[in-house]
Structure formats: structure tokens, C-alpha cells
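The data block below is final.cif; it holds mmCIF, C-alpha atoms.
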data_target
loop_
_atom_site.label_atom_id
_atom_site.label_comp_id
_atom_site.auth_asym_id
_atom_site.auth_seq_id
_atom_site.Cartn_x
_atom_site.Cartn_y
_atom_site.Cartn_z
CA MET A 1314 0.00 0.00 0.00
CA ILE A 1315 1.02 3.61 -0.39
CA ILE A 1316 1.67 5.73 2.71
CA ILE A 1317 2.96 9.29 2.94
CA VAL A 1318 6.20 9.53 4.93
CA ASN A 1319 7.52 13.03 5.50
CA ALA A 1320 5.42 14.29 2.57
CA THR A 1321 6.75 11.67 0.17
CA GLU A 1322 4.83 8.65 -1.09
CA HIS A 1323 6.29 5.26 -0.19
CA LYS A 1324 5.06 1.78 -1.07
CA VAL A 1325 5.30 -0.58 1.89
CA GLN A 1326 4.29 -4.15 2.62
CA SER A 1327 4.05 -3.63 6.37
CA THR A 1328 0.74 -2.87 8.00
CA ASP A 1329 1.94 -1.47 11.32
CA LEU A 1330 4.11 1.54 12.08
CA ALA A 1331 7.10 -0.24 13.61
CA ALA A 1332 7.40 -2.67 10.72
CA ALA A 1333 6.97 0.07 8.13
CA LEU A 1334 9.74 2.15 9.73
CA ALA A 1335 12.06 -0.85 9.67
CA GLU A 1336 11.12 -1.55 6.07
CA LEU A 1337 11.98 2.04 5.15
CA GLY A 1338 15.37 1.92 6.86
CA TYR A 1339 14.71 3.78 10.10
CA ALA A 1340 15.46 0.88 12.44
CA GLY A 1341 17.69 1.83 15.35
CA GLN A 1342 17.57 5.56 14.73
CA ALA A 1343 16.73 8.20 17.35
CA ILE A 1344 13.41 9.35 15.93
CA ALA A 1345 9.98 10.43 17.05
CA THR A 1346 6.84 9.61 15.11
CA ALA A 1347 3.34 10.82 14.43
CA VAL A 1348 0.55 9.37 12.31
CA ASN A 1349 -2.04 11.67 10.79
CA GLY A 1350 -0.97 14.48 13.10
CA SER A 1351 -1.06 12.50 16.35
CA PHE A 1352 2.03 11.53 18.32
CA VAL A 1353 2.78 7.81 18.46
CA ALA A 1354 5.21 6.86 21.23
CA ALA A 1355 8.01 4.46 20.43
CA ALA A 1356 6.47 1.84 22.68
CA ASP A 1357 3.21 2.02 20.73
CA ARG A 1358 4.63 1.73 17.20
CA VAL A 1359 4.20 -2.03 17.26
CA GLY A 1360 0.50 -2.51 16.95
CA THR A 1361 -0.24 0.92 15.52
CA PRO A 1362 -1.97 -0.01 12.26
CA LEU A 1363 -1.30 1.81 9.03
CA ARG A 1364 -3.82 2.27 6.27
CA ALA A 1365 -3.38 3.41 2.71
CA ASN A 1366 -2.61 7.12 2.42
CA ASP A 1367 -1.84 7.53 6.12
CA ARG A 1368 0.50 10.45 6.81
CA VAL A 1369 3.53 9.44 8.84
CA GLU A 1370 5.93 12.02 10.24
CA VAL A 1371 9.41 10.84 11.24
CA LEU A 1372 11.39 13.52 13.09
CA ALA A 1373 14.92 13.68 14.47
CA PRO A 1374 17.02 16.19 16.41
CA MET A 1375 17.86 19.28 14.40
CA GLN A 1376 19.53 22.61 15.06
CA GLY A 1377 17.15 25.16 16.53
CA GLY A 1378 17.01 28.54 18.19
CA MET E 116 18.80 31.24 39.34
CA ARG E 117 16.32 28.41 39.17
CA PHE E 118 14.08 27.29 36.34
CA TYR E 119 11.45 24.79 37.44
CA GLY E 120 13.47 23.85 40.49
CA THR E 121 16.71 23.36 38.57
CA ASP E 122 19.71 25.50 39.46
CA ILE E 123 21.21 27.20 36.42
CA GLY E 124 24.65 28.77 36.49
CA SER E 125 24.85 30.74 33.26
CA PRO E 126 22.23 33.38 32.38
CA LEU E 127 22.90 32.78 28.68
CA LEU E 128 20.81 30.26 26.76
CA LEU E 129 22.17 29.50 23.31
CA GLY E 130 20.46 28.33 20.14
CA THR E 131 22.19 25.80 17.92
CA ALA E 132 21.10 26.82 14.41
CA GLN E 133 22.90 28.48 11.50
CA TYR E 134 26.51 27.95 12.62
CA PRO E 135 29.18 27.66 9.93
CA SER E 136 30.01 24.11 11.06
CA PRO E 137 29.24 21.63 13.85
CA ALA E 138 32.75 22.14 15.21
CA ILE E 139 32.21 25.90 15.52
CA LEU E 140 28.87 25.28 17.21
CA LEU E 141 30.53 23.12 19.83
CA GLU E 142 33.32 25.64 20.32
CA ALA E 143 30.79 28.48 20.72
CA ILE E 144 28.84 26.48 23.30
CA ARG E 145 31.99 25.95 25.31
CA ALA E 146 33.21 29.54 24.87
CA CYS E 147 30.09 31.09 26.35
CA GLY E 148 29.74 28.59 29.18
CA THR E 149 26.04 28.12 28.66
CA ASP E 150 24.18 25.45 30.59
CA ILE E 151 21.20 25.27 28.24
CA ILE E 152 21.03 24.91 24.47
CA THR E 153 17.91 24.98 22.33
CA VAL E 154 17.24 22.41 19.64
CA SER E 155 14.45 21.50 17.29
CA LEU E 156 12.88 18.58 15.46
CA ARG E 157 12.73 18.18 11.72
CA ARG E 158 11.96 15.44 9.23
CA GLU E 159 14.50 12.66 9.19
CA THR E 160 15.73 10.68 6.21
CA ALA E 161 16.35 6.96 6.24
CA SER E 162 20.06 7.72 5.97
CA GLY E 163 19.89 9.30 9.43
CA ASP E 164 21.07 12.87 8.82
CA GLY E 165 19.91 14.00 12.26
CA GLN E 166 21.80 11.34 14.16
CA ALA E 167 25.15 13.13 13.82
CA PHE E 168 23.64 16.24 15.39
CA TRP E 169 22.35 14.10 18.23
CA ASP E 170 25.94 13.06 18.91
CA ILE E 171 27.02 16.71 19.05
CA LEU E 172 24.30 17.47 21.59
CA ARG E 173 25.56 14.70 23.82
CA GLN E 174 29.14 15.97 23.56
CA SER E 175 28.10 19.46 24.67
CA GLY E 176 27.06 18.23 28.11
CA CYS E 177 24.38 20.94 28.18
CA ARG E 178 20.80 20.64 29.22
CA ILE E 179 18.53 20.41 26.19
CA LEU E 180 15.63 22.79 25.69
CA PRO E 181 13.67 21.56 22.65
CA ASN E 182 11.51 24.06 20.84
CA THR E 183 8.34 23.97 18.78
CA ALA E 184 9.69 26.43 16.22
CA GLY E 185 7.67 26.68 13.04
CA CYS E 186 4.39 25.56 14.61
CA HIS E 187 1.45 27.76 13.67
CA SER E 188 -1.32 25.93 15.52
CA VAL E 189 -1.97 24.53 18.97
CA GLN E 190 -2.16 20.99 17.61
CA GLU E 191 1.16 21.27 15.81
CA ALA E 192 2.87 22.70 18.87
CA VAL E 193 1.43 20.16 21.29
CA THR E 194 2.26 17.20 19.04
CA THR E 195 5.78 18.51 18.46
CA ALA E 196 6.25 18.92 22.22
CA ARG E 197 5.18 15.34 22.85
CA MET E 198 7.57 14.09 20.18
CA ALA E 199 10.40 16.19 21.64
CA ARG E 200 9.81 14.87 25.15
CA GLU E 201 10.26 11.33 23.99
CA LEU E 202 13.20 12.02 21.72
CA PHE E 203 15.22 14.23 24.06
CA GLY E 204 14.11 12.69 27.32
CA THR E 205 13.13 16.00 28.90
CA ASP E 206 9.85 17.59 29.92
CA TRP E 207 11.26 21.06 29.26
CA ILE E 208 9.81 22.68 26.16
CA LYS E 209 10.32 26.08 24.59
CA LEU E 210 6.81 26.67 23.39
CA GLU E 211 6.37 28.66 20.20
CA VAL E 212 3.02 29.12 18.52
CA ILE E 213 3.63 31.49 15.65
CA GLY E 214 0.85 33.88 14.75
CA HIS E 215 2.30 35.86 11.88
CA ALA E 216 4.58 34.48 9.20
CA ASP E 217 6.59 37.62 8.47
CA SER E 218 7.17 38.95 11.99
CA LEU E 219 7.13 35.50 13.67
CA GLN E 220 5.06 37.22 16.35
CA PRO E 221 3.60 34.75 18.85
CA ASP E 222 -0.05 33.78 18.58
CA VAL E 223 -0.66 34.53 22.23
CA PHE E 224 -4.14 32.97 22.26
CA GLY E 225 -2.83 29.69 20.88
CA LEU E 226 0.19 29.98 23.16
CA VAL E 227 -1.92 30.15 26.31
CA GLU E 228 -4.09 27.23 25.13
CA ALA E 229 -1.10 25.05 24.24
CA ALA E 230 0.67 25.94 27.48
CA GLY E 231 -2.35 24.79 29.48
CA ILE E 232 -2.51 21.45 27.64
CA LEU E 233 1.19 20.78 28.04
CA ALA E 234 1.42 21.89 31.66
CA ALA E 235 -1.42 19.51 32.49
CA GLU E 236 0.63 16.72 30.91
CA GLY E 237 3.60 17.51 33.13
CA PHE E 238 5.62 19.62 30.73
CA ARG E 239 7.79 22.45 32.06
CA VAL E 240 6.83 25.14 29.60
CA PHE E 241 9.08 28.03 28.55
CA PRO E 242 6.66 30.16 26.51
CA TYR E 243 7.96 32.48 23.80
CA THR E 244 5.63 35.42 24.32
CA THR E 245 5.34 39.17 23.98
CA GLU E 246 5.89 41.79 26.66
CA ASP E 247 2.12 41.92 27.31
CA ILE E 248 1.54 41.64 31.06
CA GLY E 249 -2.01 40.31 30.64
CA VAL E 250 -0.79 37.46 28.46
CA GLY E 251 1.92 36.77 31.00
CA GLU E 252 -0.72 36.45 33.72
CA ARG E 253 -2.68 33.95 31.59
CA LEU E 254 0.44 31.92 30.96
CA LEU E 255 1.15 31.70 34.68
CA GLU E 256 -2.47 30.66 35.29
CA ALA E 257 -2.01 27.99 32.60
CA GLY E 258 0.87 26.52 34.60
CA CYS E 259 3.99 28.24 33.30
CA GLN E 260 6.60 29.16 35.90
CA VAL E 261 8.91 30.96 33.48
CA LEU E 262 8.10 33.63 30.87
CA MET E 263 10.13 34.45 27.79
CA PRO E 264 9.18 37.82 26.29
CA TRP E 265 10.67 38.77 22.96
CA GLY E 266 13.12 41.63 22.67
CA ALA E 267 12.46 42.03 18.95
CA PRO E 268 11.37 39.73 16.12
CA ILE E 269 13.28 36.44 15.88
CA GLY E 270 16.55 36.75 14.00
CA SER E 271 16.22 40.52 13.56
CA GLY E 272 19.07 41.53 15.87
CA GLN E 273 17.28 44.78 16.68
CA GLY E 274 17.75 44.56 20.44
CA LEU E 275 15.09 45.57 22.96
CA ARG E 276 12.51 47.43 20.86
CA ASN E 277 10.13 48.13 23.72
CA PRO E 278 12.26 48.64 26.82
CA ASP E 279 9.55 50.52 28.74
CA ALA E 280 7.14 47.58 28.44
CA LEU E 281 9.87 45.10 29.28
CA ARG E 282 10.76 47.14 32.35
CA ALA E 283 7.11 47.19 33.41
CA MET E 284 6.90 43.43 32.88
CA ARG E 285 9.99 42.89 35.00
CA ALA E 286 8.52 44.99 37.78
CA HIS E 287 5.12 43.27 37.62
CA PHE E 288 6.45 39.70 37.67
CA ALA E 289 9.00 40.33 40.39
CA GLY E 290 9.32 36.73 41.52
CA VAL E 291 8.96 35.01 38.17
CA PRO E 292 12.01 33.97 36.14
CA LEU E 293 11.99 36.08 32.97
CA ILE E 294 14.16 35.35 29.95
CA VAL E 295 14.45 37.77 27.04
CA ASP E 296 14.13 35.54 24.01
CA ALA E 297 14.71 36.71 20.45
CA GLY E 298 15.93 39.93 18.91
CA ILE E 299 19.29 40.18 20.67
CA GLY E 300 21.88 41.22 18.09
CA ARG E 301 24.81 42.60 20.06
CA PRO E 302 26.45 42.12 23.45
CA SER E 303 25.15 45.56 24.49
CA HIS E 304 21.57 44.32 23.95
CA ALA E 305 22.20 41.33 26.19
CA ALA E 306 23.80 43.53 28.83
CA GLN E 307 20.84 45.93 28.67
CA ALA E 308 18.37 43.10 29.33
CA MET E 309 20.37 41.90 32.30
CA GLU E 310 20.78 45.44 33.66
CA MET E 311 16.99 45.73 33.59
CA GLY E 312 16.81 42.76 35.91
CA PHE E 313 15.93 39.95 33.55
CA ASP E 314 17.15 36.59 34.73
CA ALA E 315 18.63 35.42 31.44
CA VAL E 316 18.71 35.92 27.70
CA LEU E 317 18.21 33.39 24.94
CA LEU E 318 19.94 34.11 21.66
CA ASN E 319 21.10 32.29 18.56
CA THR E 320 21.58 34.29 15.37
CA ALA E 321 23.70 36.99 17.03
CA VAL E 322 26.37 34.38 17.72
CA ALA E 323 25.86 32.03 14.78
CA LYS E 324 25.96 34.80 12.17
CA ALA E 325 28.78 36.82 13.74
CA GLY E 326 32.01 37.15 11.79
CA ASP E 327 33.66 35.08 14.51
CA PRO E 328 30.95 33.09 16.31
CA VAL E 329 33.26 31.78 19.01
CA ALA E 330 34.52 35.25 19.90
CA MET E 331 30.94 36.56 19.89
CA ALA E 332 29.87 33.73 22.18
CA ARG E 333 32.56 34.79 24.60
CA ALA E 334 31.50 38.44 24.28
CA MET E 335 27.88 37.56 25.02
CA ALA E 336 28.92 35.67 28.14
CA GLN E 337 30.86 38.70 29.37
CA ALA E 338 27.94 40.99 28.50
CA VAL E 339 25.36 39.06 30.49
CA GLY E 340 27.80 38.85 33.39
CA ALA E 341 28.43 42.60 33.32
CA GLY E 342 24.73 43.34 32.97
CA ARG E 343 23.80 41.19 35.92
CA LEU E 344 26.53 42.67 38.08
CA GLY E 345 25.43 46.15 37.07
CA CYS E 346 21.86 45.34 38.03
CA GLU E 347 22.92 43.99 41.40
CA ALA E 348 25.20 46.99 41.98
CA GLY E 349 22.34 49.44 41.46
CA ALA E 350 22.81 51.99 38.70
CA MET E 351 22.47 55.73 39.35
CA GLU E 352 19.37 57.53 38.15
CA PRO E 353 19.85 59.69 35.05
CA ARG E 354 19.70 63.48 35.54
CA ASP E 355 18.41 66.17 33.24
CA MET E 356 21.31 68.55 33.89
CA ALA E 357 25.04 68.22 34.30
CA VAL E 358 26.39 67.87 37.82
CA PRO E 359 30.15 68.34 38.23
CA SER E 360 31.84 65.27 39.55
CA THR E 361 34.98 67.18 40.54
CA PRO E 362 34.45 69.23 43.75
CA VAL E 363 34.01 72.95 43.08
CA MET E 364 34.98 73.91 46.63
CA GLY E 365 38.57 75.10 46.72
CA LEU E 366 38.62 75.97 43.05
CA ALA E 367 41.38 78.53 42.36
CA ASP E 368 40.55 82.03 41.14
CA LEU E 369 42.62 82.19 37.97
CA ALA E 370 40.48 84.53 35.95
#

Is it possible to give me this structure as C-alpha cells?
Amino acid sequence: MIIIVNATEHKVQSTDLAAALAELGYAGQAIATAVNGSFVAAADRVGTPLRANDRVEVLAPMQGG
Amino acid sequence: MRFYGTDIGSPLLLGTAQYPSPAILLEAIRACGTDIITVSLRRETASGDGQAFWDILRQSGCRILPNTAGCHSVQEAVTTARMARELFGTDWIKLEVIGHADSLQPDVFGLVEAAGILAAEGFRVFPYTTEDIGVGERLLEAGCQVLMPWGAPIGSGQGLRNPDALRAMRAHFAGVPLIVDAGIGRPSHAAQAMEMGFDAVLLNTAVAKAGDPVAMARAMAQAVGAGRLGCEAGAMEPRDMAVPSTPVMGLADLA
């Protein structure tokens, strides 16, 4: 199915957030996630279902003022 | 100086954006002796571009103050704060809810609403606000224990554009930690804020975009130190007319 990760379309086989992140190469990284605008804690990624066209945000530390 | 029960040594909070290189950022952090650095969250690639920055943050040894920069709604700011708490392992959050794209002026209505939501969830909120005393009161009622009025628009380097209002705010919130956040461009601006009795200043661009960021970091540290000392020493009141400092008694008649 197609999901939107950081505003870019990706085709994934996985149907939950944790598996999709691993499939996309994010495994082991220090990231924070949200699905359709709602925060999803790391502990909840397994078991958070993804549906076609869901918007996933994957954020990491960045310089800021 | 204490923010949310935590003792802080340096009255200079430093942003981490726009430096010429990561090495210069680290050197500037060390040169100014700050205890607190601000950071943000942005989209990550699968190649892990943000992970190297994470390593720099750890090396700095500073306390992390994540921000919600770029958020224009309560929902965006609250969600970003929740993500930051997990990622950085801190309940401190510099709360920005931007109300106007060009001036980056805070949306004070959204700010108060977001502050209330986050404070109820246990966040220690550092709200980027204006010098409006009424808004400050609402933020305290919402659960904030620190206020961060702007000196001037973010990144403008214009200094304290409304010193009378800032002075009134300082006087009104006598027991509340106040940090001037945004608009500081020069060491004299930072010293002025500290002379007025503010507890700290938060700045970024003034150091990052200086010709020599490390030297400017050092200058800012000296400025906030001098300003604080000057405040504690008690400055004289200005006078309308000249008053000779050299005694006139005993002056020779040489006319």
C-alpha cells in the first residue's frame, strides 16, 4: 500500500508503524513519530496499524534557536 | 537562578542553528559557558542525517531545551512537544506558537491554550511570548513558571525594541524567572536586558551569524555577566542637567 512519509509517497508491505519504519530503513535511529498528526510513542509503534494514504511524520534532532 | 526547580549557572541560553560548522557550534557552546542549548525537530531521512547532530548534543554536556519552532497551531505545537519529550528525554519545552509568518510574532491565544494542555501533561513550559503583562498572567495561570518575552522579532538583531514595556513586565512579575528571548543582536543588547533585571537571555543568530561566532559567544557571556553585576550593583538615576563630579569647593581664582 502507499503511505505518505515526511510528505513523500512510499510503497510498503508492512501494516503497522514499527514494521513500516524498519522496512523504510529507520530501524535503530533516534526518531519520534506521528501518524495523521497525532504523536505515536516508540512503545506504541508495534501494533499501531497503518492504512493506505496515512500520513507518517518521522522527526529527528535538528539545530534550533 | 532556578528554572522549574533546577539551578542554572549561566544566564545565557544558546540556540544551535545556523553555525558555519558543527565544530564551531561546539566551540561556541563551550566559549560562552552556557548550561542550556535549544534544539528542534525536523523530518528525518532513512540515511539518518539527524543522528550526527544528536551526537554533538551529547558531547556538549548541556541541558537540552527543545523548541516547537515553526508551529502555527496549537495541535502542531502540542504534538511537536510530545515528540520532543520522547526524543530528548526532557519535559522542558520552549513553546512557540507562531501567529504571523513575516514577523514571527507569537499567537498569544494559541500559546496560552497550548501551554495549558502541556502543563497539564507535566511539561515544564518556557513560553515564547510578547511583553504583554495580561498574556503573562494567563500563561502563569495555565501553569507556566517561566516567561520568555521577545526583545524584537526572531533573528532581527534589533535589540530591545520596547524597553519601557519590558521594564514594566519585569517589575510586575517580580518573583517570576523572565528570559528575554529573540531579537538580541549585540552584546550591548544582552547587557541591557540583564541590567533591567531579567534573569537570562536566549539568543542564537547573534552568535551564529557573527564574523567570529566563538569570539561573539565569549562576548555575550561577558555581556550578560556585566549586565547582571550592574543590576545587582544598582545603577544611578539619570539626571536632566550636568552635575560636576569634581568638587568645586577650593577651586582657584585664575580669571

Test item: chain E residues at most 9 Å from chain A, counting only C-alpha atoms, as a ChimeraX atom specification: /E:129-133,152-166,168-169,181-182,184,190-191,194-195,197-199,201-203,297,317-320

Output check: residues returned by the PyMOL selection byres ((chain E and resi 218) around 12), as a ChimeraX atom specification: /E:213-217,219-222,265,267-271,297-298

Keeping C-alpha atoms for every residue in the selection just given, could you write it to a file as a short mmCIF file (atom, residue, chain, number, x, y, z; two decimals), in the frame of the given file?
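Wrote selection17.cif, looks like this:
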data_model
loop_
_atom_site.label_atom_id
_atom_site.label_comp_id
_atom_site.auth_asym_id
_atom_site.auth_seq_id
_atom_site.Cartn_x
_atom_site.Cartn_y
_atom_site.Cartn_z
CA ILE E 213 3.63 31.49 15.65
CA GLY E 214 0.85 33.88 14.75
CA HIS E 215 2.30 35.86 11.88
CA ALA E 216 4.58 34.48 9.20
CA ASP E 217 6.59 37.62 8.47
CA LEU E 219 7.13 35.50 13.67
CA GLN E 220 5.06 37.22 16.35
CA PRO E 221 3.60 34.75 18.85
CA ASP E 222 -0.05 33.78 18.58
CA TRP E 265 10.67 38.77 22.96
CA ALA E 267 12.46 42.03 18.95
CA PRO E 268 11.37 39.73 16.12
CA ILE E 269 13.28 36.44 15.88
CA GLY E 270 16.55 36.75 14.00
CA SER E 271 16.22 40.52 13.56
CA ALA E 297 14.71 36.71 20.45
CA GLY E 298 15.93 39.93 18.91
#

Matched chain/residue IDs from the PyMOL selection byres ((chain E and resi 329-345) around 6), as a PyMOL selection string: chain E and resi 143+146-147+302+305-306+309-310+322+327-328+346-348

Å distance separating atom CA of E:Ile151 from atom CA of E:Gly124, one decimal place: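 Between atom CA of E:Ile151 and atom CA of E:Gly124 the gap is 9.6 Å.
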
Residues in the PyMOL selection byres ((chain E and resi 118) around 12), expressed as a VMD selection string: chain E and resid 116 to 117 119 to 126 150 to 151 178 180 207 to 208 239 to 241 259 to 263 290 to 294 314 to 315

Contact residues around A:Ala1331 with all atoms listed in the file at 8 Å, ignoring same-chain residues under 4 positions, as a list of chain:residue names: A:Ala1335, A:Arg1358, A:Val1359, A:Gly1360, A:Thr1361

Computed interatomic separation between atom CA of E:Glu211 and atom CA of A:Asn1349 (Å):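 Spanning atom CA of E:Glu211 to atom CA of A:Asn1349 is a straight-line distance of 21.2 Å.
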
Residues within 10 Å of (-0.3, 2.6, -1.4), file coords, only C-alpha atoms, listed as a ChimeraX atom specification: /A:1314-1317,1322-1326,1364-1367
